[in-house]
>>> print(open('work_35.pdb').read())   # PDB, C-alpha atoms and all ligand atoms
MODEL        1
ATOM      1  CA  MET E  20      16.305 -39.679  40.049
ATOM      2  CA  GLY E  21      19.573 -38.036  41.140
ATOM      3  CA  LYS E  22      20.951 -34.814  39.725
ATOM      4  CA  SER E  23      23.069 -35.200  36.619
ATOM      5  CA  VAL E  24      26.787 -34.434  36.603
ATOM      6  CA  ARG E  25      27.646 -31.077  35.005
ATOM      7  CA  LYS E  26      30.608 -29.812  36.944
ATOM      8  CA  ALA E  27      34.271 -30.758  36.837
ATOM      9  CA  VAL E  28      36.780 -29.861  39.515
ATOM     10  CA  ILE E  29      40.401 -29.893  38.401
ATOM     11  CA  PRO E  30      42.929 -29.551  41.213
ATOM     12  CA  ALA E  31      45.965 -27.654  39.880
ATOM     13  CA  ALA E  32      47.518 -26.054  42.929
ATOM     14  CA  GLY E  33      50.434 -28.467  43.384
ATOM     15  CA  LEU E  34      53.968 -27.122  43.494
ATOM     16  CA  GLY E  35      55.267 -29.469  40.813
ATOM     17  CA  THR E  36      58.375 -30.319  42.803
ATOM     18  CA  ARG E  37      58.932 -33.522  40.802
ATOM     19  CA  PHE E  38      59.657 -31.397  37.736
ATOM     20  CA  LEU E  39      62.056 -28.869  39.217
ATOM     21  CA  PRO E  40      63.762 -26.840  37.978
ATOM     22  CA  ALA E  41      61.346 -26.660  34.992
ATOM     23  CA  THR E  42      58.514 -25.738  37.344
ATOM     24  CA  LYS E  43      60.370 -23.095  39.334
ATOM     25  CA  ALA E  44      58.506 -20.267  37.604
ATOM     26  CA  MET E  45      55.932 -22.186  35.566
ATOM     27  CA  PRO E  46      52.984 -24.372  36.616
ATOM     28  CA  LYS E  47      53.612 -28.064  35.966
ATOM     29  CA  GLU E  48      50.180 -28.217  34.340
ATOM     30  CA  MET E  49      51.614 -26.054  31.526
ATOM     31  CA  LEU E  50      54.324 -28.564  30.564
ATOM     32  CA  PRO E  51      53.706 -29.306  26.901
ATOM     33  CA  VAL E  52      52.512 -32.734  25.864
ATOM     34  CA  VAL E  53      53.571 -32.518  22.213
ATOM     35  CA  ASP E  54      52.116 -29.080  21.493
ATOM     36  CA  ALA E  55      49.432 -28.409  24.065
ATOM     37  CA  PRO E  56      49.832 -28.036  27.820
ATOM     38  CA  ALA E  57      48.940 -31.179  29.777
ATOM     39  CA  ILE E  58      46.026 -29.408  31.456
ATOM     40  CA  GLN E  59      44.360 -28.735  28.104
ATOM     41  CA  TYR E  60      43.934 -32.484  27.490
ATOM     42  CA  VAL E  61      42.197 -32.775  30.849
ATOM     43  CA  VAL E  62      39.809 -29.887  30.195
ATOM     44  CA  GLU E  63      39.061 -31.351  26.743
ATOM     45  CA  GLU E  64      38.247 -34.698  28.327
ATOM     46  CA  ALA E  65      35.830 -33.051  30.776
ATOM     47  CA  VAL E  66      34.125 -31.116  27.988
ATOM     48  CA  SER E  67      33.792 -34.200  25.762
ATOM     49  CA  ALA E  68      32.160 -36.055  28.641
ATOM     50  CA  GLY E  69      29.475 -33.370  28.626
ATOM     51  CA  LEU E  70      30.679 -31.379  31.630
ATOM     52  CA  ASP E  71      30.029 -27.735  30.879
ATOM     53  CA  ASP E  72      31.235 -26.120  34.076
ATOM     54  CA  VAL E  73      34.915 -26.436  34.932
ATOM     55  CA  LEU E  74      36.379 -25.255  38.208
ATOM     56  CA  MET E  75      40.138 -25.174  38.534
ATOM     57  CA  ILE E  76      41.715 -25.160  41.970
ATOM     58  CA  THR E  77      44.835 -23.067  41.565
ATOM     59  CA  GLY E  78      47.252 -21.206  43.775
ATOM     60  CA  ARG E  79      50.174 -18.824  43.728
ATOM     61  CA  SER E  80      52.195 -18.722  40.455
ATOM     62  CA  LYS E  81      49.412 -20.310  38.410
ATOM     63  CA  ARG E  82      48.458 -17.317  36.287
ATOM     64  CA  ALA E  83      49.615 -18.988  33.095
ATOM     65  CA  LEU E  84      46.686 -21.402  33.465
ATOM     66  CA  GLU E  85      44.146 -18.594  33.385
ATOM     67  CA  ASP E  86      45.939 -16.921  30.491
ATOM     68  CA  HIS E  87      45.992 -20.150  28.503
ATOM     69  CA  PHE E  88      42.228 -20.609  28.655
ATOM     70  CA  ASP E  89      41.516 -16.932  28.018
ATOM     71  CA  SER E  90      41.427 -15.217  24.641
ATOM     72  CA  ALA E  91      44.644 -13.511  23.487
ATOM     73  CA  PRO E  92      43.488 -10.603  21.265
ATOM     74  CA  ALA E  93      46.935  -9.304  20.194
ATOM     75  CA  LEU E  94      48.181 -12.774  19.253
ATOM     76  CA  GLU E  95      44.936 -13.647  17.508
ATOM     77  CA  ARG E  96      45.021 -10.423  15.466
ATOM     78  CA  THR E  97      48.610 -11.097  14.379
ATOM     79  CA  LEU E  98      47.762 -14.625  13.231
ATOM     80  CA  GLU E  99      44.675 -13.351  11.456
ATOM     81  CA  LEU E 100      46.688 -10.714   9.565
ATOM     82  CA  LYS E 101      49.170 -13.370   8.530
ATOM     83  CA  GLY E 102      46.340 -15.590   7.348
ATOM     84  CA  ASP E 103      47.622 -18.353   9.618
ATOM     85  CA  GLN E 104      44.249 -20.000  10.170
ATOM     86  CA  ALA E 105      45.544 -23.298  11.581
ATOM     87  CA  ARG E 106      47.478 -21.615  14.394
ATOM     88  CA  LEU E 107      44.648 -19.165  14.997
ATOM     89  CA  ASP E 108      42.250 -22.099  15.415
ATOM     90  CA  SER E 109      44.617 -23.813  17.831
ATOM     91  CA  VAL E 110      44.865 -20.642  19.934
ATOM     92  CA  GLN E 111      41.117 -20.022  19.923
ATOM     93  CA  HIS E 112      40.352 -23.662  20.706
ATOM     94  CA  ALA E 113      41.659 -23.311  24.265
ATOM     95  CA  SER E 114      39.546 -20.260  25.070
ATOM     96  CA  GLY E 115      36.531 -21.823  23.391
ATOM     97  CA  LEU E 116      36.406 -24.789  25.749
ATOM     98  CA  GLY E 117      33.790 -22.995  27.802
ATOM     99  CA  PRO E 118      33.681 -21.006  30.968
ATOM    100  CA  ILE E 119      36.415 -21.981  33.387
ATOM    101  CA  HIS E 120      36.186 -20.819  36.969
ATOM    102  CA  TYR E 121      39.057 -20.502  39.401
ATOM    103  CA  VAL E 122      39.362 -20.701  43.116
ATOM    104  CA  ARG E 123      42.634 -20.648  45.014
ATOM    105  CA  GLN E 124      43.841 -23.142  47.541
ATOM    106  CA  GLY E 125      45.855 -20.885  49.817
ATOM    107  CA  GLU E 126      47.874 -23.619  51.443
ATOM    108  CA  PRO E 127      49.087 -26.973  50.109
ATOM    109  CA  LYS E 128      47.038 -29.109  52.491
ATOM    110  CA  GLY E 129      46.437 -32.044  50.176
ATOM    111  CA  LEU E 130      44.124 -33.318  47.456
ATOM    112  CA  GLY E 131      41.169 -33.700  49.836
ATOM    113  CA  HIS E 132      41.540 -30.085  50.892
ATOM    114  CA  ALA E 133      41.827 -28.973  47.255
ATOM    115  CA  VAL E 134      38.516 -30.696  46.455
ATOM    116  CA  LEU E 135      36.943 -29.091  49.533
ATOM    117  CA  CYS E 136      37.938 -25.668  48.137
ATOM    118  CA  GLY E 137      35.401 -26.371  45.372
ATOM    119  CA  ARG E 138      32.504 -26.839  47.778
ATOM    120  CA  GLN E 139      30.831 -23.478  47.305
ATOM    121  CA  HIS E 140      31.044 -23.641  43.521
ATOM    122  CA  VAL E 141      29.845 -27.231  43.274
ATOM    123  CA  GLY E 142      27.005 -26.991  45.774
ATOM    124  CA  ASP E 143      24.718 -29.937  46.308
ATOM    125  CA  GLU E 144      25.182 -31.986  43.167
ATOM    126  CA  PRO E 145      27.410 -34.861  42.066
ATOM    127  CA  PHE E 146      30.580 -33.691  40.325
ATOM    128  CA  ALA E 147      33.663 -35.026  38.605
ATOM    129  CA  VAL E 148      37.261 -34.575  39.741
ATOM    130  CA  LEU E 149      40.037 -34.887  37.155
ATOM    131  CA  LEU E 150      43.693 -34.934  38.158
ATOM    132  CA  GLY E 151      46.096 -33.475  35.635
ATOM    133  CA  ASP E 152      48.790 -36.126  36.071
ATOM    134  CA  ASP E 153      46.655 -38.730  34.320
ATOM    135  CA  LEU E 154      45.743 -38.357  30.673
ATOM    136  CA  ILE E 155      43.105 -40.715  29.303
ATOM    137  CA  ASP E 156      43.180 -41.477  25.599
ATOM    138  CA  GLU E 157      40.237 -39.794  23.907
ATOM    139  CA  ARG E 158      39.477 -43.017  22.032
ATOM    140  CA  ASP E 159      38.805 -44.887  25.282
ATOM    141  CA  GLU E 160      35.775 -44.281  27.423
ATOM    142  CA  LEU E 161      36.107 -43.699  31.143
ATOM    143  CA  LEU E 162      34.468 -40.593  32.540
ATOM    144  CA  THR E 163      31.106 -41.113  30.824
ATOM    145  CA  ALA E 164      31.001 -44.697  32.146
ATOM    146  CA  MET E 165      31.743 -43.390  35.656
ATOM    147  CA  ILE E 166      28.984 -40.784  35.343
ATOM    148  CA  ASP E 167      26.551 -43.567  34.400
ATOM    149  CA  VAL E 168      27.593 -45.629  37.421
ATOM    150  CA  GLN E 169      27.110 -42.600  39.695
ATOM    151  CA  ALA E 170      23.585 -42.110  38.341
ATOM    152  CA  LYS E 171      22.810 -45.801  38.804
ATOM    153  CA  THR E 172      24.201 -46.195  42.318
ATOM    154  CA  GLY E 173      23.781 -42.722  43.790
ATOM    155  CA  GLY E 174      27.175 -43.042  45.491
ATOM    156  CA  SER E 175      30.679 -41.976  44.557
ATOM    157  CA  VAL E 176      32.735 -43.576  41.802
ATOM    158  CA  ILE E 177      36.478 -44.072  41.432
ATOM    159  CA  ALA E 178      38.568 -45.270  38.503
ATOM    160  CA  LEU E 179      40.885 -48.239  39.032
ATOM    161  CA  ILE E 180      43.668 -49.852  37.066
ATOM    162  CA  GLU E 181      45.567 -53.045  37.699
ATOM    163  CA  VAL E 182      49.228 -52.398  38.486
ATOM    164  CA  GLU E 183      52.265 -54.523  39.267
ATOM    165  CA  PRO E 184      52.209 -55.156  43.046
ATOM    166  CA  ALA E 185      55.482 -53.232  43.461
ATOM    167  CA  GLN E 186      53.863 -50.083  42.061
ATOM    168  CA  ILE E 187      50.892 -49.935  44.391
ATOM    169  CA  SER E 188      52.625 -47.729  46.966
ATOM    170  CA  ALA E 189      52.405 -44.805  44.521
ATOM    171  CA  TYR E 190      48.587 -44.914  44.509
ATOM    172  CA  GLY E 191      45.450 -45.186  46.534
ATOM    173  CA  CYS E 192      44.500 -48.875  46.674
ATOM    174  CA  ALA E 193      41.028 -50.438  46.748
ATOM    175  CA  ASP E 194      39.616 -53.641  48.173
ATOM    176  CA  ILE E 195      36.658 -54.503  45.969
ATOM    177  CA  LEU E 196      33.740 -56.853  45.511
ATOM    178  CA  ALA E 197      32.224 -57.730  42.143
ATOM    179  CA  VAL E 198      28.597 -56.664  41.636
ATOM    180  CA  GLU E 199      26.642 -59.423  39.939
ATOM    181  CA  GLY E 200      25.556 -58.604  36.433
ATOM    182  CA  GLU E 201      27.247 -55.203  36.428
ATOM    183  CA  ASP E 202      30.446 -53.949  34.889
ATOM    184  CA  TYR E 203      31.347 -51.882  37.931
ATOM    185  CA  VAL E 204      32.560 -53.069  41.331
ATOM    186  CA  ARG E 205      31.727 -52.161  44.888
ATOM    187  CA  VAL E 206      34.569 -50.702  46.931
ATOM    188  CA  ASN E 207      34.799 -52.197  50.419
ATOM    189  CA  SER E 208      37.723 -50.132  51.586
ATOM    190  CA  LEU E 209      40.471 -47.818  50.417
ATOM    191  CA  VAL E 210      43.953 -47.089  51.649
ATOM    192  CA  GLU E 211      46.251 -44.296  50.489
ATOM    193  CA  LYS E 212      49.672 -45.390  49.214
ATOM    194  CA  PRO E 213      50.057 -48.645  51.168
ATOM    195  CA  SER E 214      53.262 -50.641  51.248
ATOM    196  CA  VAL E 215      53.245 -53.817  49.127
ATOM    197  CA  ASP E 216      52.590 -55.891  52.253
ATOM    198  CA  GLU E 217      49.677 -53.792  53.464
ATOM    199  CA  ALA E 218      47.999 -53.426  50.061
ATOM    200  CA  PRO E 219      44.621 -55.210  49.920
ATOM    201  CA  SER E 220      44.881 -55.647  46.121
ATOM    202  CA  ASN E 221      46.763 -54.538  43.033
ATOM    203  CA  LEU E 222      43.929 -52.167  42.041
ATOM    204  CA  ALA E 223      45.214 -48.611  41.977
ATOM    205  CA  VAL E 224      43.113 -45.461  42.097
ATOM    206  CA  ILE E 225      43.774 -43.182  39.132
ATOM    207  CA  GLY E 226      42.920 -39.531  38.800
ATOM    208  CA  ARG E 227      39.247 -39.612  37.824
ATOM    209  CA  TYR E 228      36.436 -39.445  40.345
ATOM    210  CA  VAL E 229      32.696 -38.819  40.182
ATOM    211  CA  LEU E 230      31.672 -37.842  43.677
ATOM    212  CA  HIS E 231      28.492 -37.434  45.636
ATOM    213  CA  PRO E 232      28.412 -34.033  47.360
ATOM    214  CA  ALA E 233      28.264 -35.861  50.712
ATOM    215  CA  VAL E 234      32.052 -36.040  50.326
ATOM    216  CA  PHE E 235      32.313 -32.377  51.356
ATOM    217  CA  ASP E 236      30.944 -32.926  54.876
ATOM    218  CA  VAL E 237      33.274 -35.884  55.240
ATOM    219  CA  LEU E 238      36.283 -33.900  54.000
ATOM    220  CA  GLU E 239      35.538 -31.158  56.554
ATOM    221  CA  LYS E 240      36.073 -33.759  59.262
ATOM    222  CA  THR E 241      38.920 -35.711  57.675
ATOM    223  CA  GLU E 242      42.132 -35.431  59.665
ATOM    224  CA  PRO E 243      45.460 -35.143  57.855
ATOM    225  CA  GLY E 244      46.609 -38.594  56.791
ATOM    226  CA  ARG E 245      49.568 -39.828  54.754
ATOM    227  CA  GLY E 246      52.194 -37.119  54.280
ATOM    228  CA  GLY E 247      50.354 -34.890  56.771
ATOM    229  CA  GLU E 248      47.848 -34.014  54.042
ATOM    230  CA  ILE E 249      44.061 -34.204  53.934
ATOM    231  CA  GLN E 250      43.594 -37.173  51.644
ATOM    232  CA  LEU E 251      40.645 -37.641  49.299
ATOM    233  CA  THR E 252      41.214 -41.387  49.622
ATOM    234  CA  ASP E 253      40.569 -41.192  53.395
ATOM    235  CA  ALA E 254      37.289 -39.328  52.852
ATOM    236  CA  LEU E 255      36.235 -41.948  50.301
ATOM    237  CA  GLN E 256      37.106 -44.701  52.763
ATOM    238  CA  THR E 257      34.660 -43.063  55.215
ATOM    239  CA  LEU E 258      31.974 -42.970  52.510
ATOM    240  CA  ALA E 259      32.684 -46.585  51.543
ATOM    241  CA  ALA E 260      32.222 -47.731  55.132
ATOM    242  CA  GLY E 261      29.227 -45.484  55.817
ATOM    243  CA  GLU E 262      25.524 -45.934  55.369
ATOM    244  CA  GLY E 263      22.759 -43.624  54.280
ATOM    245  CA  GLU E 264      22.435 -40.761  51.817
ATOM    246  CA  GLY E 265      25.533 -40.297  49.659
ATOM    247  CA  SER E 266      27.525 -43.216  51.048
ATOM    248  CA  GLY E 267      28.785 -46.131  49.010
ATOM    249  CA  VAL E 268      31.795 -46.092  46.717
ATOM    250  CA  TYR E 269      31.947 -47.926  43.405
ATOM    251  CA  GLY E 270      34.766 -48.534  40.981
ATOM    252  CA  VAL E 271      35.150 -48.697  37.235
ATOM    253  CA  VAL E 272      38.148 -50.792  36.212
ATOM    254  CA  PHE E 273      39.801 -49.017  33.307
ATOM    255  CA  ARG E 274      41.641 -51.106  30.713
ATOM    256  CA  GLY E 275      42.170 -48.411  28.110
ATOM    257  CA  ARG E 276      45.132 -46.223  27.317
ATOM    258  CA  ARG E 277      46.333 -43.942  30.100
ATOM    259  CA  TYR E 278      49.358 -41.689  30.034
ATOM    260  CA  ASP E 279      50.938 -40.755  33.312
ATOM    261  CA  THR E 280      52.613 -37.346  33.269
ATOM    262  CA  GLY E 281      53.297 -37.253  37.003
ATOM    263  CA  ASP E 282      57.052 -37.764  36.984
ATOM    264  CA  LYS E 283      59.857 -37.062  34.538
ATOM    265  CA  LEU E 284      60.251 -40.523  33.018
ATOM    266  CA  SER E 285      56.512 -41.207  32.659
ATOM    267  CA  TYR E 286      56.046 -37.737  31.236
ATOM    268  CA  LEU E 287      58.691 -38.341  28.570
ATOM    269  CA  LYS E 288      57.082 -41.657  27.651
ATOM    270  CA  ALA E 289      53.655 -39.996  27.417
ATOM    271  CA  VAL E 290      54.988 -37.274  25.123
ATOM    272  CA  ILE E 291      56.726 -39.796  22.866
ATOM    273  CA  THR E 292      53.705 -42.102  22.716
ATOM    274  CA  LEU E 293      51.328 -39.301  21.801
ATOM    275  CA  ALA E 294      53.792 -37.664  19.400
ATOM    276  CA  SER E 295      54.334 -40.938  17.564
ATOM    277  CA  GLU E 296      50.631 -40.975  16.710
ATOM    278  CA  ARG E 297      50.628 -37.535  15.140
ATOM    279  CA  PRO E 298      49.997 -37.704  11.407
ATOM    280  CA  GLU E 299      52.352 -34.744  10.736
ATOM    281  CA  PHE E 300      55.494 -36.355  12.156
ATOM    282  CA  GLY E 301      54.605 -39.636  13.872
ATOM    283  CA  GLU E 302      56.118 -41.860  11.194
ATOM    284  CA  ASP E 303      59.343 -39.805  11.068
ATOM    285  CA  LEU E 304      59.629 -39.934  14.849
ATOM    286  CA  LYS E 305      59.144 -43.722  14.936
ATOM    287  CA  ALA E 306      61.697 -44.258  12.182
ATOM    288  CA  TRP E 307      64.160 -42.074  14.087
ATOM    289  CA  MET E 308      63.514 -43.969  17.339
ATOM    290  CA  LYS E 309      64.201 -47.291  15.652
ATOM    291  CA  ASP E 310      67.706 -46.121  14.748
ATOM    292  CA  PHE E 311      68.317 -44.274  17.966
ATOM    293  CA  ASN E 312      70.591 -46.023  20.404
ATOM    294  CA  GLY E 313      71.853 -43.177  22.551
TER     295      GLY E 313
HETATM  296  C1  LIG G   1      46.617 -38.909  44.194
HETATM  297  C2  LIG G   1      45.735 -39.723  45.150
HETATM  298  C3  LIG G   1      46.011 -41.207  44.976
HETATM  299  C4  LIG G   1      45.822 -41.592  43.524
HETATM  300  C5  LIG G   1      46.681 -40.716  42.601
HETATM  301  C6  LIG G   1      46.331 -40.979  41.151
HETATM  302  O1  LIG G   1      47.965 -39.059  44.602
HETATM  303  O2  LIG G   1      45.977 -39.303  46.484
HETATM  304  O3  LIG G   1      45.127 -41.946  45.784
HETATM  305  O4  LIG G   1      46.171 -42.944  43.355
HETATM  306  O5  LIG G   1      46.451 -39.321  42.866
HETATM  307  O6  LIG G   1      47.111 -40.253  40.281
HETATM  308  P1  LIG G   1      49.163 -38.142  44.048
HETATM  309  O7  LIG G   1      49.616 -38.777  42.775
HETATM  310  O8  LIG G   1      48.594 -36.770  43.838
HETATM  311  O9  LIG G   1      50.220 -38.169  45.105
ENDMDL
END
>>> encode(input="work_35.pdb", output="structure tokens", more="lines below")
Ligand code: G1P
Amino acid sequence: MGKSVRKAVIPAAGLGTRFLPATKAMPKEMLPVVDAPAIQYVVEEAVSAGLDDVLMITGRSKRALEDHFDSAPALERTLELKGDQARLDSVQHASGLGPIHYVRQGEPKGLGHAVLCGRQHVGDEPFAVLLGDDLIDERDELLTAMIDVQAKTGGSVIALIEVEPAQISAYGCADILAVEGEDYVRVNSLVEKPSVDEAPSNLAVIGRYVLHPAVFDVLEKTEPGRGGEIQLTDALQTLAAGEGEGSGVYGVVFRGRRYDTGDKLSYLKAVITLASERPEFGEDLKAWMKDFNG
């Protein structure tokens, strides 16, 4: 019986260049999605999947992240004196999500390197990685299914979605094989951001992983790949092709609701979609959008 998954690693050291100038002095993870920063949704997802130990990989200019998940005594006292319980609850919710640990990635050397920065904290147990650019609807199950597949297979697990062929070059791409009688697939090979012609499929890797700790040794040896960065996809390709303890990569094909907040247009769509479901103003927003024609 393998060890169960308790720890989540959330890489949050990126420079957020796609959102400049908004992210000149503010972490992109703090951009609000309706009324909570994007990163809060990701931490909530980890906690609801039963992960009780969150490690954030941060860097320079990311202090707001630590402040957000910490208590804010002066603010809390003010809200308490005003009797504003709803806002007080919303403020305390973020600091009540459990202990969050931080380690800094000194240099922007890629997602694989960011995950490697978590090695000491994670140790020798399987762990989840959640990327902040992808939000998964809380009504749809993904991470818990991936954790189950990790326990069953003893390997590493990625999340895949089907995309239009033209979009595949924005993602890692997987060549897969169905596993008889199972609702997960086996990953034969992976390639980071291939061109349409090179892509082995239209199955794109999204930002949820449940990894065997063997990935750390592989990452140590992984040379910079696409964009001159140490790519997690390349390390997973090594594990997919390897044999023995900790090798083998499996995929869960996700067909639920996912909101991409990774670039300006997708981010705006994510905010509008989620806002339109809010009971307080969703109906008003939808009525307004119907009439809106720029
Ligand atoms: C990263 C991964 C890529 C994956 C994507 C999912 O890329 O390297 O394989 O498809 O996340 O969001 P990034 O979007 O950070 O460039």
>>> residues_near_ligand(input="work_35.pdb", ligand="ligand LIG 1 (chain G)", cutoff="8 Å", atoms="all atoms listed in the file", output="PDB file with C-alpha atoms, keeping the file's coordinate frame")
ATOM      1  CA  LEU E 130      44.124 -33.318  47.456  1.00  0.00           C
ATOM      2  CA  LEU E 150      43.693 -34.934  38.158  1.00  0.00           C
ATOM      3  CA  ASP E 152      48.790 -36.126  36.071  1.00  0.00           C
ATOM      4  CA  ASP E 153      46.655 -38.730  34.320  1.00  0.00           C
ATOM      5  CA  ALA E 189      52.405 -44.805  44.521  1.00  0.00           C
ATOM      6  CA  TYR E 190      48.587 -44.914  44.509  1.00  0.00           C
ATOM      7  CA  GLY E 191      45.450 -45.186  46.534  1.00  0.00           C
ATOM      8  CA  CYS E 192      44.500 -48.875  46.674  1.00  0.00           C
ATOM      9  CA  VAL E 210      43.953 -47.089  51.649  1.00  0.00           C
ATOM     10  CA  GLU E 211      46.251 -44.296  50.489  1.00  0.00           C
ATOM     11  CA  LYS E 212      49.672 -45.390  49.214  1.00  0.00           C
ATOM     12  CA  ALA E 223      45.214 -48.611  41.977  1.00  0.00           C
ATOM     13  CA  VAL E 224      43.113 -45.461  42.097  1.00  0.00           C
ATOM     14  CA  ILE E 225      43.774 -43.182  39.132  1.00  0.00           C
ATOM     15  CA  GLY E 226      42.920 -39.531  38.800  1.00  0.00           C
ATOM     16  CA  ARG E 227      39.247 -39.612  37.824  1.00  0.00           C
ATOM     17  CA  GLN E 250      43.594 -37.173  51.644  1.00  0.00           C
ATOM     18  CA  LEU E 251      40.645 -37.641  49.299  1.00  0.00           C
ATOM     19  CA  THR E 252      41.214 -41.387  49.622  1.00  0.00           C
ATOM     20  CA  ASP E 279      50.938 -40.755  33.312  1.00  0.00           C
ATOM     21  CA  GLY E 281      53.297 -37.253  37.003  1.00  0.00           C
TER      22      GLY E 281
END
>>> residues_around(input="work_35.pdb", residues="region 49-59 of chain E", least_positions_apart="2", cutoff="6 Å", atoms="all atoms listed in the file", output="list in words")
Pro46, Lys47, Val61, Val62, Gly151, Val290 and Ala294 of chain E
>>> residues_near_point(input="work_35.pdb", point="(50.4, -25.8, 41.3)", cutoff="8 Å", atoms="only C-alpha atoms", output="VMD selection string")
chain E and resid 31 to 35 46 to 48 77 to 81
>>> resolve_selection(input="work_35.pdb", expression="the PyMOL selection byres (((chain E and resi 220) around 8) and not hetatm)", output="VMD selection string")
chain E and resid 184 192 to 194 218 to 219 221 to 222
>>> residues_around(input="work_35.pdb", residues="region 239-247 of chain E", least_positions_apart="2", cutoff="8 Å", atoms="all atoms listed in the file", output="VMD selection string")
chain E and resid 128 135 211 to 212 235 to 237 249 to 250 253 to 254
>>> resolve_selection(input="work_35.pdb", expression="the PyMOL selection byres (((chain E and resi 155) around 9) and not hetatm)", output="ChimeraX atom specification")
/E:60-61,64,153-154,156-161,275-279
>>> resolve_selection(input="work_35.pdb", expression="the PyMOL selection byres (((chain E and resi 74) around 8) and not hetatm)", output="list in words")
Lys26, Ala27, Val28, Ile29, Asp72, Val73, Met75, Ile76, Ile119, His120, Tyr121, Val122, Gly137 and His140 of chain E
>>> atom_distance(input="work_35.pdb", atom1="CA of Arg106 (chain E)", atom2="CA of Lys305 (chain E)")
25.0 Å
>>> residues_around(input="work_35.pdb", residues="Ala185 (chain E)", least_positions_apart="3", cutoff="9 Å", atoms="only C-alpha atoms", output="list in words")
Val182, Ser188, Ser214, Val215 and Asn221 of chain E
>>> residues_around(input="work_35.pdb", residues="Val268 (chain E)", least_positions_apart="5", cutoff="10 Å", atoms="only C-alpha atoms", output="PyMOL selection string")
chain E and resi 169+172-177+195+204-209+229-231+255-261
>>> write_last_selection(input="work_35.pdb", atoms="C-alpha atoms", output="CSV table (one decimal), in the frame of the given file")
chain,number,residue,atom,x,y,z
E,169,GLN,CA,27.1,-42.6,39.7
E,172,THR,CA,24.2,-46.2,42.3
E,173,GLY,CA,23.8,-42.7,43.8
E,174,GLY,CA,27.2,-43.0,45.5
E,175,SER,CA,30.7,-42.0,44.6
E,176,VAL,CA,32.7,-43.6,41.8
E,177,ILE,CA,36.5,-44.1,41.4
E,195,ILE,CA,36.7,-54.5,46.0
E,204,VAL,CA,32.6,-53.1,41.3
E,205,ARG,CA,31.7,-52.2,44.9
E,206,VAL,CA,34.6,-50.7,46.9
E,207,ASN,CA,34.8,-52.2,50.4
E,208,SER,CA,37.7,-50.1,51.6
E,209,LEU,CA,40.5,-47.8,50.4
E,229,VAL,CA,32.7,-38.8,40.2
E,230,LEU,CA,31.7,-37.8,43.7
E,231,HIS,CA,28.5,-37.4,45.6
E,255,LEU,CA,36.2,-41.9,50.3
E,256,GLN,CA,37.1,-44.7,52.8
E,257,THR,CA,34.7,-43.1,55.2
E,258,LEU,CA,32.0,-43.0,52.5
E,259,ALA,CA,32.7,-46.6,51.5
E,260,ALA,CA,32.2,-47.7,55.1
E,261,GLY,CA,29.2,-45.5,55.8
>>> closest_residue(input="work_35.pdb", among="E:Asp202, E:Glu126, E:Thr280, E:Ser266", to="Met165 (chain E)", atoms="only C-alpha atoms")
E:Asp202
>>> atom_distance(input="work_35.pdb", atom1="CA of Arg82 (chain E)", atom2="CA of Asp103 (chain E)")
26.7 Å
>>> closest_residue(input="work_35.pdb", among="E:Leu304, E:Ala147, E:Leu238, E:Leu179", to="Ile166 (chain E)", atoms="all atoms listed in the file")
E:Ala147
>>> atom_distance(input="work_35.pdb", atom1="CA of Trp307 (chain E)", atom2="CA of Ile291 (chain E)")
11.7 Å
>>> axis_aligned_box(input="work_35.pdb", around="region 135-151 of chain E", padding_each_side="6 Å", output="JSON")
{"center_x": 35.4, "center_y": -29.3, "center_z": 42.6, "size_x": 33.4, "size_y": 23.5, "size_z": 25.9}
>>> closest_residue(input="work_35.pdb", among="E:Gln139, E:Thr292, E:Val272, E:Leu116", to="Ala65 (chain E)", atoms="all atoms listed in the file")
E:Leu116
>>> closest_residue(input="work_35.pdb", among="E:Pro213, E:Gly267, E:Pro232, E:Pro92", to="Arg138 (chain E)", atoms="all atoms listed in the file")
E:Pro232
